Each structure stands twice: as structure tokens, then as C-alpha cells.
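Engineer: What follows is input-v5.tsv, TSV, C-alpha atoms.
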```
chain	number	residue	atom	x	y	z
A	1	MET	CA	80.99	7.80	-39.82
A	2	SER	CA	80.09	9.18	-43.24
A	3	VAL	CA	78.89	6.71	-45.86
A	4	SER	CA	78.71	7.20	-49.60
A	5	LEU	CA	76.15	4.86	-51.14
A	6	PRO	CA	75.08	4.47	-54.78
A	7	VAL	CA	71.47	5.46	-54.09
A	8	ARG	CA	69.25	5.84	-57.13
A	9	PRO	CA	69.10	9.57	-57.90
A	10	ASP	CA	65.29	9.63	-57.81
A	11	LEU	CA	65.32	8.23	-54.25
A	12	VAL	CA	67.72	10.78	-52.77
A	13	GLY	CA	65.98	12.79	-50.08
A	14	GLN	CA	62.78	10.72	-50.24
A	15	SER	CA	60.94	9.65	-47.08
A	16	PRO	CA	59.14	6.32	-46.64
A	17	TYR	CA	55.37	6.29	-46.96
A	18	GLY	CA	53.42	6.23	-43.74
A	19	ALA	CA	50.59	7.90	-41.87
A	20	PRO	CA	51.11	8.93	-38.24
A	21	GLU	CA	50.95	6.07	-35.71
A	22	LEU	CA	50.12	7.85	-32.46
A	23	ASP	CA	48.61	6.44	-29.27
A	24	VAL	CA	45.42	8.50	-29.00
A	25	PRO	CA	41.88	7.63	-27.88
A	26	ALA	CA	40.46	7.88	-31.43
A	27	ARG	CA	42.84	6.94	-34.25
A	28	LEU	CA	40.71	7.73	-37.31
A	29	ASN	CA	43.36	8.40	-39.94
A	30	VAL	CA	44.16	5.18	-41.85
A	31	ASN	CA	40.72	3.80	-42.75
A	32	GLU	CA	41.03	0.64	-40.69
A	33	ASN	CA	38.05	-1.43	-39.66
A	34	PRO	CA	37.66	-0.37	-36.02
A	35	TYR	CA	36.43	-3.78	-34.86
A	36	PRO	CA	38.90	-6.58	-34.06
A	37	PRO	CA	38.18	-10.10	-35.30
A	38	SER	CA	35.53	-11.92	-33.28
A	39	PRO	CA	36.54	-14.80	-31.00
A	40	ALA	CA	35.16	-17.23	-33.60
A	41	VAL	CA	37.36	-15.74	-36.33
A	42	VAL	CA	40.38	-15.75	-34.02
A	43	ARG	CA	39.83	-19.44	-33.21
A	44	SER	CA	39.50	-20.34	-36.90
A	45	VAL	CA	42.63	-18.42	-37.84
A	46	THR	CA	44.60	-19.79	-34.89
A	47	ASP	CA	43.66	-23.38	-35.69
A	48	ALA	CA	44.47	-22.96	-39.39
A	49	VAL	CA	47.83	-21.35	-38.68
A	50	ALA	CA	48.69	-24.09	-36.17
A	51	ARG	CA	48.00	-26.76	-38.79
A	52	ALA	CA	50.06	-24.89	-41.38
A	53	ALA	CA	52.91	-24.50	-38.90
A	54	THR	CA	53.50	-28.26	-38.86
A	55	GLY	CA	54.74	-28.01	-42.45
A	56	LEU	CA	56.91	-24.90	-42.19
A	57	ASN	CA	59.98	-26.92	-43.19
A	58	ARG	CA	58.50	-26.91	-46.72
A	59	TYR	CA	57.99	-23.97	-49.07
A	60	PRO	CA	54.38	-22.80	-49.41
A	61	ASP	CA	52.29	-23.51	-52.49
A	62	ARG	CA	53.60	-20.83	-54.85
A	63	ASP	CA	50.40	-20.62	-56.93
A	64	PHE	CA	48.01	-21.12	-53.92
A	65	PRO	CA	44.94	-22.42	-55.85
A	66	VAL	CA	43.04	-23.14	-52.62
A	67	LEU	CA	43.24	-19.51	-51.51
A	68	ARG	CA	42.46	-18.20	-54.99
A	69	ALA	CA	39.36	-20.45	-55.14
A	70	ALA	CA	38.25	-19.16	-51.71
A	71	LEU	CA	38.65	-15.57	-52.92
A	72	ALA	CA	36.65	-16.38	-56.07
A	73	ASP	CA	33.88	-17.83	-53.87
A	74	TYR	CA	33.87	-14.69	-51.75
A	75	LEU	CA	33.58	-12.39	-54.77
A	76	ALA	CA	30.70	-14.49	-56.10
A	77	ALA	CA	28.87	-14.00	-52.79
A	78	GLU	CA	29.75	-10.31	-52.34
A	79	SER	CA	29.38	-9.04	-55.91
A	80	ALA	CA	27.42	-11.84	-57.64
A	81	VAL	CA	30.26	-12.28	-60.13
A	82	ARG	CA	31.54	-15.85	-60.50
A	83	LEU	CA	35.09	-16.13	-61.88
A	84	PRO	CA	37.38	-19.16	-62.21
A	85	TRP	CA	40.11	-19.31	-59.57
A	86	GLU	CA	42.68	-18.94	-62.35
A	87	ASN	CA	41.38	-15.38	-62.85
A	88	ILE	CA	42.35	-14.40	-59.30
A	89	TRP	CA	45.76	-13.27	-58.06
A	90	ALA	CA	46.89	-12.39	-54.53
A	91	ALA	CA	49.88	-10.89	-52.77
A	92	ASN	CA	51.00	-9.26	-49.53
A	93	GLY	CA	48.44	-6.49	-49.49
A	94	SER	CA	46.97	-4.72	-52.50
A	95	ASN	CA	50.16	-2.64	-52.44
A	96	GLU	CA	52.15	-5.64	-53.66
A	97	VAL	CA	49.42	-6.50	-56.16
A	98	MET	CA	49.75	-3.02	-57.66
A	99	LEU	CA	53.54	-3.33	-57.67
A	100	HIS	CA	53.19	-6.60	-59.61
A	101	VAL	CA	50.94	-4.83	-62.12
A	102	LEU	CA	53.50	-2.10	-62.81
A	103	GLN	CA	56.39	-4.55	-62.83
A	104	ALA	CA	54.56	-6.53	-65.50
A	105	PHE	CA	53.07	-3.74	-67.61
A	106	GLY	CA	55.01	-0.59	-66.72
A	107	GLY	CA	58.73	0.06	-66.63
A	108	PRO	CA	61.17	2.44	-68.35
A	109	GLY	CA	59.65	4.30	-71.26
A	110	ARG	CA	56.09	3.48	-70.17
A	111	THR	CA	53.45	5.60	-68.45
A	112	CYS	CA	51.00	5.06	-65.62
A	113	LEU	CA	48.03	7.46	-65.70
A	114	SER	CA	45.78	8.46	-62.80
A	115	PHE	CA	43.63	11.41	-61.71
A	116	THR	CA	44.13	13.51	-58.60
A	117	PRO	CA	43.30	13.74	-55.83
A	118	THR	CA	43.71	9.99	-55.39
A	119	TYR	CA	45.69	7.44	-53.37
A	120	SER	CA	49.13	8.84	-52.56
A	121	MET	CA	50.92	5.51	-53.08
A	122	TYR	CA	50.23	5.39	-56.83
A	123	PRO	CA	53.20	7.61	-57.76
A	124	GLU	CA	55.42	5.51	-55.49
A	125	TYR	CA	54.46	2.29	-57.28
A	126	ALA	CA	55.41	4.02	-60.51
A	127	ARG	CA	58.67	5.37	-59.10
A	128	ASP	CA	59.71	1.97	-57.76
A	129	THR	CA	59.15	0.32	-61.16
A	130	LEU	CA	60.79	3.16	-63.15
A	131	THR	CA	57.43	3.94	-64.74
A	132	THR	CA	56.54	7.52	-65.67
A	133	TYR	CA	53.62	8.75	-63.57
A	134	VAL	CA	51.18	11.23	-65.11
A	135	THR	CA	48.05	12.67	-63.51
A	136	GLY	CA	45.04	14.60	-64.72
A	137	PRO	CA	42.50	16.60	-62.71
A	138	ARG	CA	39.12	15.51	-61.40
A	139	ARG	CA	35.98	17.61	-61.63
A	140	GLU	CA	35.19	20.22	-59.03
A	141	ASP	CA	32.86	17.74	-57.30
A	142	LEU	CA	35.84	15.29	-57.23
A	143	ALA	CA	34.19	12.81	-59.60
A	144	LEU	CA	36.03	11.53	-62.65
A	145	ASP	CA	35.64	13.59	-65.83
A	146	THR	CA	35.52	11.00	-68.62
A	147	GLY	CA	36.28	13.67	-71.22
A	148	VAL	CA	39.51	14.52	-69.43
A	149	VAL	CA	40.30	10.81	-69.03
A	150	THR	CA	39.80	9.89	-72.68
A	151	ALA	CA	41.84	12.90	-73.83
A	152	ALA	CA	44.67	11.98	-71.45
A	153	ILE	CA	44.68	8.37	-72.63
A	154	ALA	CA	44.91	9.50	-76.26
A	155	ARG	CA	47.69	11.96	-75.45
A	156	HIS	CA	49.91	9.77	-73.20
A	157	ARG	CA	49.19	6.22	-74.49
A	158	PRO	CA	49.60	4.81	-70.97
A	159	ALA	CA	50.45	1.20	-70.26
A	160	VAL	CA	48.35	1.32	-67.09
A	161	VAL	CA	45.42	3.50	-66.01
A	162	LEU	CA	44.85	3.44	-62.22
A	163	LEU	CA	41.35	4.37	-61.02
A	164	ALA	CA	40.33	4.00	-57.38
A	165	SER	CA	36.62	3.31	-56.82
A	166	PRO	CA	35.64	4.33	-54.22
A	167	ASN	CA	38.41	6.86	-54.60
A	168	ASN	CA	40.73	7.66	-51.71
A	169	PRO	CA	40.57	10.29	-50.20
A	170	THR	CA	37.31	11.50	-51.74
A	171	GLY	CA	35.07	8.42	-51.29
A	172	THR	CA	33.79	8.85	-54.86
A	173	ALA	CA	32.62	5.74	-56.71
A	174	LEU	CA	32.96	5.19	-60.45
A	175	GLY	CA	29.80	4.23	-62.34
A	176	LEU	CA	29.86	1.41	-64.88
A	177	GLU	CA	28.85	3.73	-67.71
A	178	ASP	CA	31.84	5.99	-67.05
A	179	LEU	CA	34.13	2.97	-66.64
A	180	THR	CA	32.92	1.55	-69.94
A	181	THR	CA	33.78	4.87	-71.60
A	182	VAL	CA	37.29	4.67	-70.16
A	183	LEU	CA	37.71	1.05	-71.22
A	184	ASP	CA	36.62	1.83	-74.76
A	185	ALA	CA	39.08	4.73	-74.90
A	186	ALA	CA	41.87	2.44	-73.65
A	187	ARG	CA	41.45	0.00	-76.56
A	188	GLY	CA	44.39	0.38	-78.90
A	189	SER	CA	45.64	3.36	-76.89
A	190	GLY	CA	48.41	1.67	-74.95
A	191	PRO	CA	52.12	1.61	-75.83
A	192	VAL	CA	52.98	0.74	-79.41
A	193	GLY	CA	54.78	-2.58	-79.53
A	194	ALA	CA	56.41	-4.67	-82.22
A	195	ASP	CA	52.99	-5.85	-83.37
A	196	GLY	CA	51.39	-2.40	-83.26
A	197	PRO	CA	49.28	-0.56	-80.66
A	198	THR	CA	48.27	-2.37	-77.48
A	199	ASP	CA	45.34	-1.83	-75.12
A	200	ALA	CA	46.04	0.17	-71.98
A	201	LEU	CA	45.40	-1.96	-68.88
A	202	VAL	CA	42.70	-0.27	-66.77
A	203	VAL	CA	43.03	-1.19	-63.09
A	204	VAL	CA	40.11	-0.32	-60.80
A	205	ASP	CA	41.27	-0.26	-57.20
A	206	GLU	CA	38.29	-1.35	-55.09
A	207	ALA	CA	40.06	-1.47	-51.73
A	208	TYR	CA	36.88	-0.04	-50.18
A	209	GLY	CA	34.48	-1.76	-52.55
A	210	GLU	CA	32.47	-3.57	-49.87
A	211	PHE	CA	31.43	-0.24	-48.36
A	212	ARG	CA	29.73	1.04	-51.51
A	213	ARG	CA	26.15	2.19	-51.08
A	214	PRO	CA	23.28	-0.09	-52.22
A	215	GLY	CA	22.81	0.15	-55.95
A	216	THR	CA	26.42	1.13	-56.62
A	217	PRO	CA	27.87	-1.63	-58.85
A	218	SER	CA	31.31	-3.15	-58.66
A	219	ALA	CA	33.65	-3.02	-61.65
A	220	LEU	CA	33.74	-6.81	-61.32
A	221	GLU	CA	30.46	-6.89	-63.24
A	222	LEU	CA	32.34	-5.95	-66.42
A	223	LEU	CA	34.53	-9.07	-66.07
A	224	ARG	CA	31.56	-11.43	-66.45
A	225	ASP	CA	31.57	-11.98	-70.21
A	226	ASP	CA	35.24	-11.33	-71.07
A	227	ALA	CA	34.25	-8.21	-73.05
A	228	TYR	CA	37.05	-6.23	-71.41
A	229	PRO	CA	40.19	-8.36	-71.15
A	230	HIS	CA	42.18	-5.17	-70.42
A	231	LEU	CA	40.28	-4.61	-67.13
A	232	ALA	CA	41.61	-5.66	-63.73
A	233	VAL	CA	39.89	-5.12	-60.36
A	234	ALA	CA	41.92	-5.02	-57.14
A	235	ARG	CA	40.53	-5.77	-53.67
A	236	THR	CA	41.95	-6.23	-50.17
A	237	MET	CA	41.17	-8.01	-46.91
A	238	SER	CA	42.58	-5.07	-44.93
A	239	LYS	CA	39.49	-2.85	-44.83
A	240	ALA	CA	36.06	-4.47	-44.73
A	241	PHE	CA	37.42	-7.81	-43.49
A	242	GLY	CA	39.22	-6.12	-40.59
A	243	MET	CA	42.42	-7.96	-41.46
A	244	ALA	CA	44.87	-5.11	-42.03
A	245	GLY	CA	47.50	-6.98	-40.03
A	246	LEU	CA	47.18	-10.04	-42.28
A	247	ARG	CA	48.42	-8.18	-45.38
A	248	LEU	CA	46.41	-9.92	-48.09
A	249	GLY	CA	45.35	-8.15	-51.27
A	250	TYR	CA	44.07	-9.68	-54.48
A	251	LEU	CA	43.09	-8.94	-58.05
A	252	ALA	CA	40.53	-10.27	-60.52
A	253	ALA	CA	41.23	-10.16	-64.26
A	254	CYS	CA	41.33	-12.32	-67.35
A	255	ARG	CA	43.74	-15.24	-67.12
A	256	ALA	CA	46.20	-13.62	-69.55
A	257	VAL	CA	46.70	-10.70	-67.13
A	258	VAL	CA	47.06	-12.99	-64.12
A	259	ASP	CA	49.60	-15.21	-65.89
A	260	VAL	CA	51.85	-12.21	-66.56
A	261	LEU	CA	51.67	-11.24	-62.87
A	262	ARG	CA	52.85	-14.76	-62.01
A	263	VAL	CA	56.00	-14.09	-64.01
A	264	VAL	CA	57.10	-11.07	-61.94
A	265	ARG	CA	56.17	-12.29	-58.46
A	266	LEU	CA	58.98	-13.42	-56.18
A	267	PRO	CA	59.17	-17.18	-55.53
A	268	TYR	CA	56.83	-18.28	-52.73
A	269	HIS	CA	55.81	-14.69	-52.02
A	270	LEU	CA	52.77	-15.67	-49.91
A	271	SER	CA	53.74	-17.57	-46.78
A	272	ALA	CA	51.94	-20.75	-45.77
A	273	LEU	CA	50.73	-18.96	-42.63
A	274	THR	CA	49.25	-16.08	-44.62
A	275	GLN	CA	47.46	-18.48	-46.96
A	276	ALA	CA	46.04	-20.48	-44.05
A	277	ALA	CA	44.91	-17.42	-42.09
A	278	ALA	CA	43.27	-15.84	-45.14
A	279	CYS	CA	41.32	-18.99	-46.00
A	280	ALA	CA	40.12	-19.26	-42.41
A	281	ALA	CA	38.98	-15.63	-42.33
A	282	LEU	CA	37.14	-16.01	-45.64
A	283	GLY	CA	35.04	-18.72	-44.02
A	284	HIS	CA	33.39	-15.99	-41.91
A	285	ARG	CA	32.18	-13.76	-44.74
A	286	GLU	CA	28.57	-13.59	-43.48
A	287	GLU	CA	29.78	-12.06	-40.21
A	288	LEU	CA	31.86	-9.57	-42.19
A	289	MET	CA	28.94	-8.42	-44.32
A	290	ALA	CA	26.78	-7.76	-41.25
A	291	GLN	CA	29.54	-5.61	-39.76
A	292	VAL	CA	30.03	-3.66	-42.99
A	293	ALA	CA	26.37	-2.63	-42.93
A	294	SER	CA	26.77	-0.99	-39.50
A	295	LEU	CA	29.87	0.90	-40.68
A	296	ARG	CA	27.97	2.18	-43.72
A	297	ASP	CA	25.24	3.49	-41.42
A	298	GLU	CA	27.79	5.25	-39.20
A	299	ARG	CA	29.44	6.78	-42.28
A	300	ASP	CA	26.17	8.15	-43.64
A	301	ALA	CA	25.26	9.54	-40.22
A	302	THR	CA	28.65	11.26	-40.09
A	303	VAL	CA	28.07	12.92	-43.47
A	304	THR	CA	24.67	14.19	-42.30
A	305	TRP	CA	26.10	15.47	-39.01
A	306	LEU	CA	29.03	17.29	-40.67
A	307	ARG	CA	26.66	19.07	-43.05
A	308	ALA	CA	24.51	20.10	-40.10
A	309	GLN	CA	27.60	21.84	-38.67
A	310	GLY	CA	27.78	23.98	-41.80
A	311	LEU	CA	30.70	22.02	-43.28
A	312	THR	CA	31.03	20.45	-46.71
A	313	ALA	CA	30.95	16.64	-46.50
A	314	TYR	CA	31.28	14.60	-49.66
A	315	ASP	CA	29.03	11.60	-50.32
A	316	SER	CA	31.12	8.52	-49.66
A	317	ASP	CA	31.03	4.90	-50.80
A	318	ALA	CA	33.99	4.07	-48.55
A	319	ASN	CA	34.56	3.80	-44.79
A	320	PHE	CA	35.74	7.40	-44.48
A	321	VAL	CA	34.42	10.89	-45.11
A	322	LEU	CA	36.22	13.85	-46.67
A	323	PHE	CA	35.06	17.14	-45.20
A	324	GLY	CA	35.88	20.86	-45.22
A	325	HIS	CA	36.35	23.46	-46.39
A	326	LEU	CA	38.38	24.86	-43.51
A	327	PRO	CA	40.29	28.17	-43.63
A	328	ASP	CA	43.25	26.46	-41.95
A	329	ARG	CA	42.90	22.69	-41.99
A	330	HIS	CA	46.28	22.19	-40.33
A	331	ALA	CA	45.14	24.22	-37.32
A	332	VAL	CA	42.03	22.06	-37.03
A	333	PHE	CA	44.10	18.88	-37.47
A	334	ARG	CA	46.46	19.90	-34.65
A	335	ALA	CA	43.65	21.00	-32.36
A	336	LEU	CA	41.77	17.71	-32.87
A	337	LEU	CA	44.95	15.83	-32.09
A	338	GLY	CA	45.30	17.85	-28.91
A	339	ARG	CA	41.84	16.52	-27.94
A	340	GLY	CA	42.83	12.90	-28.62
A	341	VAL	CA	41.43	12.53	-32.15
A	342	LEU	CA	43.76	11.72	-35.05
A	343	VAL	CA	42.37	12.32	-38.55
A	344	ARG	CA	44.19	12.66	-41.89
A	345	GLU	CA	45.33	15.91	-43.46
A	346	VAL	CA	44.94	14.90	-47.07
A	347	GLY	CA	43.01	15.73	-50.22
A	348	PRO	CA	42.02	19.12	-51.64
A	349	GLU	CA	43.15	22.23	-49.81
A	350	GLY	CA	41.00	22.95	-46.77
A	351	CYS	CA	39.83	19.34	-46.35
A	352	LEU	CA	40.40	16.63	-43.76
A	353	ARG	CA	39.50	12.94	-43.92
A	354	VAL	CA	38.02	11.00	-41.01
A	355	SER	CA	37.79	7.22	-40.94
A	356	VAL	CA	34.62	5.64	-39.60
A	357	GLY	CA	35.30	4.27	-36.13
A	358	THR	CA	33.20	2.73	-33.41
A	359	PRO	CA	30.18	4.71	-32.15
A	360	GLU	CA	32.27	5.73	-29.12
A	361	GLU	CA	35.13	6.96	-31.32
A	362	MET	CA	32.76	8.88	-33.57
A	363	ALA	CA	31.13	10.53	-30.57
A	364	LEU	CA	34.59	11.62	-29.40
A	365	PHE	CA	35.29	12.98	-32.89
A	366	ARG	CA	32.04	14.94	-32.97
A	367	ASP	CA	32.57	16.42	-29.51
A	368	ALA	CA	36.16	17.32	-30.34
A	369	LEU	CA	35.29	18.93	-33.66
A	370	VAL	CA	32.51	21.04	-32.11
A	371	GLY	CA	34.98	22.22	-29.50
A	372	VAL	CA	37.71	22.91	-32.03
A	373	LEU	CA	35.47	24.87	-34.37
A	374	GLY	CA	34.35	26.96	-31.42
A	375	ASP	CA	37.70	27.36	-29.68
A	376	VAL	CA	40.36	27.55	-32.37
A	377	ASP	CA	41.15	30.98	-33.77
A	378	LEU	CA	41.90	30.00	-37.36
A	379	SER	CA	43.15	33.47	-38.16
A	380	HIS	CA	46.13	33.02	-35.82
A	381	ASP	CA	48.42	30.05	-35.11
A	382	GLY	CA	45.72	27.44	-34.61
A	383	ALA	CA	46.39	26.87	-30.90
A	384	PRO	CA	43.20	26.44	-28.85
A	385	ARG	CA	42.32	29.43	-26.73
A	386	GLY	CA	43.41	28.92	-23.14
A	387	ALA	CA	45.79	26.09	-24.05
A	388	GLY	CA	49.54	26.21	-24.28
A	389	ARG	CA	51.38	25.05	-27.36
A	390	ASP	CA	52.28	21.77	-25.63
A	391	ALA	CA	48.63	20.74	-25.93
A	392	THR	CA	48.99	20.31	-29.68
A	393	ALA	CA	52.73	19.83	-30.06
A	394	THR	CA	53.75	17.22	-32.61
A	395	THR	CA	56.88	16.69	-34.64
A	396	GLN	CA	57.03	17.24	-38.37
A	397	GLU	CA	57.73	13.51	-38.82
A	398	GLN	CA	54.48	12.63	-37.01
A	399	LEU	CA	52.44	14.93	-39.24
```
Will you turn the file into C-alpha cells for me?
Structural biologist:
Amino acid sequence: MSVSLPVRPDLVGQSPYGAPELDVPARLNVNENPYPPSPAVVRSVTDAVARAATGLNRYPDRDFPVLRAALADYLAAESAVRLPWENIWAANGSNEVMLHVLQAFGGPGRTCLSFTPTYSMYPEYARDTLTTYVTGPRREDLALDTGVVTAAIARHRPAVVLLASPNNPTGTALGLEDLTTVLDAARGSGPVGADGPTDALVVVDEAYGEFRRPGTPSALELLRDDAYPHLAVARTMSKAFGMAGLRLGYLAACRAVVDVLRVVRLPYHLSALTQAAACAALGHREELMAQVASLRDERDATVTWLRAQGLTAYDSDANFVLFGHLPDRHAVFRALLGRGVLVREVGPEGCLRVSVGTPEEMALFRDALVGVLGDVDLSHDGAPRGAGRDATATTQEQL
């Protein structure tokens, strides 16, 4: 039966966001923490959810001060930046946090500015909020060029500037000196309102912030003395905390920013079970930090190993590594998949991104890549020598 629906014109023909979800021995494509919660964390979460379940006939606390205070305590321990709980916001993943930001500060006639390559969801947040999305280039080494950034801010007068640090998919961190330059350029360079020019809101997406190398500061440090009220820093419990299935993201900013986000959020958007589980998990932050250290070590060892194979591997402050440059990255992607290793075909041409897995998964990745680089004829169709096409067959939707 044919159906004629009034779909928004800009959504016609669009596909939903999503990386491949394939059952393979090493799924290293979505930057998850490879370690499941420990039995102690599971017990804490289970007990907290059970207690919360006794009150499910009531709506959850819509402003969740207990959770926001727990998140503020965690940031004080992780980044040595103490903020009042009123300066913290949370939602169902950092995706919803970002959507709240653009609902509150973007919209028709307003611009969101970012710099590619970067997280592929940013243009979708803009699209969904009817915000114009504009990008500028990064430097050849994939770091941010502050000259390009300041010129773009002056030219486009964006309402929101989105900067991922560490950046996805490059792993590049943003130094405080460069961020300060961007923040200074954003003053008075936002949309012109009834009372004159506004400041552009600079949002630093630190989804992978816990994985930064020692000595690399967090943008949270610039929130200490209220010198930059137009700065917001987003975090998530999906990556370092190993709680991707929980769907809890959060943001730190001045109270004026947070209060505007409260206006656009849906009523009772965080369930009582989510709040309880997140608070329970946050009680195990020491265990988390010990695990993060081992993932950092595995990441750095992966960078060293890739370079030893004659490949380019970019320094990373995240839990993934971008590497290349491959004459035919798609052929390598398919051949790795045929050997049971799923990575991500993303970023600059010729590059692939591998998430840091367990030592066993990384050993499988290394063995597979050595075999692929030796066996795949990149000048032809990318099928491994001696293997039929079925060995690497995947559908376009899966890729």
C-alpha cells in the first residue's frame, strides 16, 4: 500500500545514524569500553534500581539534584574542578545534551559552527533543530587551526561553536591556550539580538575526556572562576565508565546556560531508574579510573605498533586510534571484517579508526591487519588472495 506522508523536505531520503552492529570476534568500531561492569558495580546498580522500582508509580525528580551533585563530585575528583550542582545538567546520553543545547541556542536563522573531520552526529543535531550547520577545515595534522576558527566565527556569527576534545575520529585534544583564543573570539560574535551582539556559546565535547594523556588539561579548568560564562563542557558515562547501555550524558556550564537547557527539556526526561543506576555507578569512580589507565596504555602501544608497520598513526587522547594512509581503505576494512575484526571506515580519505579493546581483541586486530596488508591486493577489488567474495561479503546497509 502506498503512503503519502508530509515528511519534512530535508528528511526525505535520509537514513538513521548508526554504525554497523555485527556479531564478530572483535567489534572495535564504536569506541565502547571493552570491559563490562564488575560484579560489585552490577550489585550496586541492581540494588539501587530495585529500590527505585518501588516508587515507579510516581514521576521521577525532574531536576534530579542528587544525580547532578554526584556528577559534580565526580568531576571534582577526575578533573580537580569543583562546581555547584546547579552548574551541571544531564540527559539521555550526550546526544540529548547536545540536542538540548541546539534547541535552546540554535534554531531557524541561526548557525552552528564546527571543524571537520569531527563527530558525524553534529550536522544531525543541527538538522533536527533547524539550525544551519557550517564547517571549516582542520590543519593537515588534524589539529584545530585557531586562525581559521576565529575567522569563521567573525564571518558566520554562530550561535553555537561545537569543538570535540579529544576530537572524534582523530583523537586530537584541544589545548587551553587555543581554547582561550576561541573563547575570546566568540565574545560579542554571536547572533545579533534585540539588545545587540551576543556571545557565541562554545561547547567542548569531552566524551573521551577521561582518556586524555597525563598533562593534557580538561576544558573544565576554564569554568573555575566564571571568566567564560559562554563555555560549556559535555561529558558522558558511555565511554570511560563503561556504561554505554545506561545512556547518561551531562554538561557543565554556568547556571544561566543550564537554566535555559531546563526550559527545552521534556518533562521528566530522565527516568527514576536511570537516575538511580547512574548514582550507583558513580560510587565506583576509583575502579573506573584504574581501568582507564590500562586502556590508555593499550592505546599508546597500538599507536607505536601501527607506526612500526610503516603506517601513519595519529597521537590520541581518546580510546581509539586513527591510522592510515591506505591506498584503498575500503578494501582493508572489508578484509579485516572477513577475518572477524570490525573497525570504522571514517575520517580523512585513506584512514580507518580502531577502538581500543581488550588485550585479546587487540592481538586479533594486529594479527588480522598484518595478514590483510600482506594478502590483500589493493590495486584490484580488495578480496583476499585465495578467498572467495563470500569471505568479505557485507551489505551496503551494514557498511
Engineer: Pull the neighbourhood of (56.5, -7.1, -62.4) for me: all residues within 10 Å in file coordinates, counting only C-alpha atoms, as a list in words.
Structural biologist: Glu96, Val97, Met98, Leu99, His100, Val101, Leu102, Gln103, Ala104, Phe105, Gly106, Gly107, Thr129, Val260, Leu261, Arg262, Val263, Val264, Arg265 and Leu266 of chain A
Engineer: Near stretch 111-115 of chain A, within 10 Å and counting all atoms listed in the file, which residues show up once chain neighbours fewer than 2 positions away are dropped, as a ChimeraX atom specification?
Structural biologist: /A:102,105-109,117-119,122-123,125-126,130-139,142-145,148-149,152-153,156-164,167,190-191,200-202
Engineer: For A:Glu221, work out the shell of residues within 12 Å, counting only C-alpha atoms and skipping chain neighbours fewer than 5 positions away, then give it as a PyMOL selection string.
Structural biologist: chain A and resi 75-76+78-83+175-177+179-180+204+216+226-228+231-233+252-253
Engineer: Which residue, A:Tyr268, A:Phe320, A:Tyr74, A:Trp85, has the smallest gap to A:Glu286 when you use all atoms listed in the file?
Structural biologist: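 Nearest candidate to A:Glu286 out of A:Tyr268, A:Phe320, A:Tyr74, A:Trp85: A:Tyr74.
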Engineer: Quick one, how far is atom CA of A:Leu11 from atom CA of A:Gly347?
Structural biologist: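 Separating atom CA of A:Leu11 from atom CA of A:Gly347 is a distance of 23.9 Å.
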Engineer: Once 8 Å is added on each side, what centre and edge lengths in Å to one decimal does the axis-aligned box around all listed atoms of stretch 60-78 of chain A have, as AutoDock Vina command-line options?
Structural biologist:
```
--center_x 41.6 --center_y -16.9 --center_z -53.2 --size_x 41.5 --size_y 29.2 --size_z 23.5
```
Engineer: Rank A:Asn31, A:Asp328, A:Gln275, A:Thr54 by their smallest atom-to-atom distance to A:Phe211, using all atoms listed in the file, and report the top residue only.
Structural biologist: A:Asn31
Engineer: At what distance in Å, to one decimal, does atom CA of A:Gly171 lie from atom CA of A:Val321?
Structural biologist: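 These atoms are spaced 6.7 Å apart.
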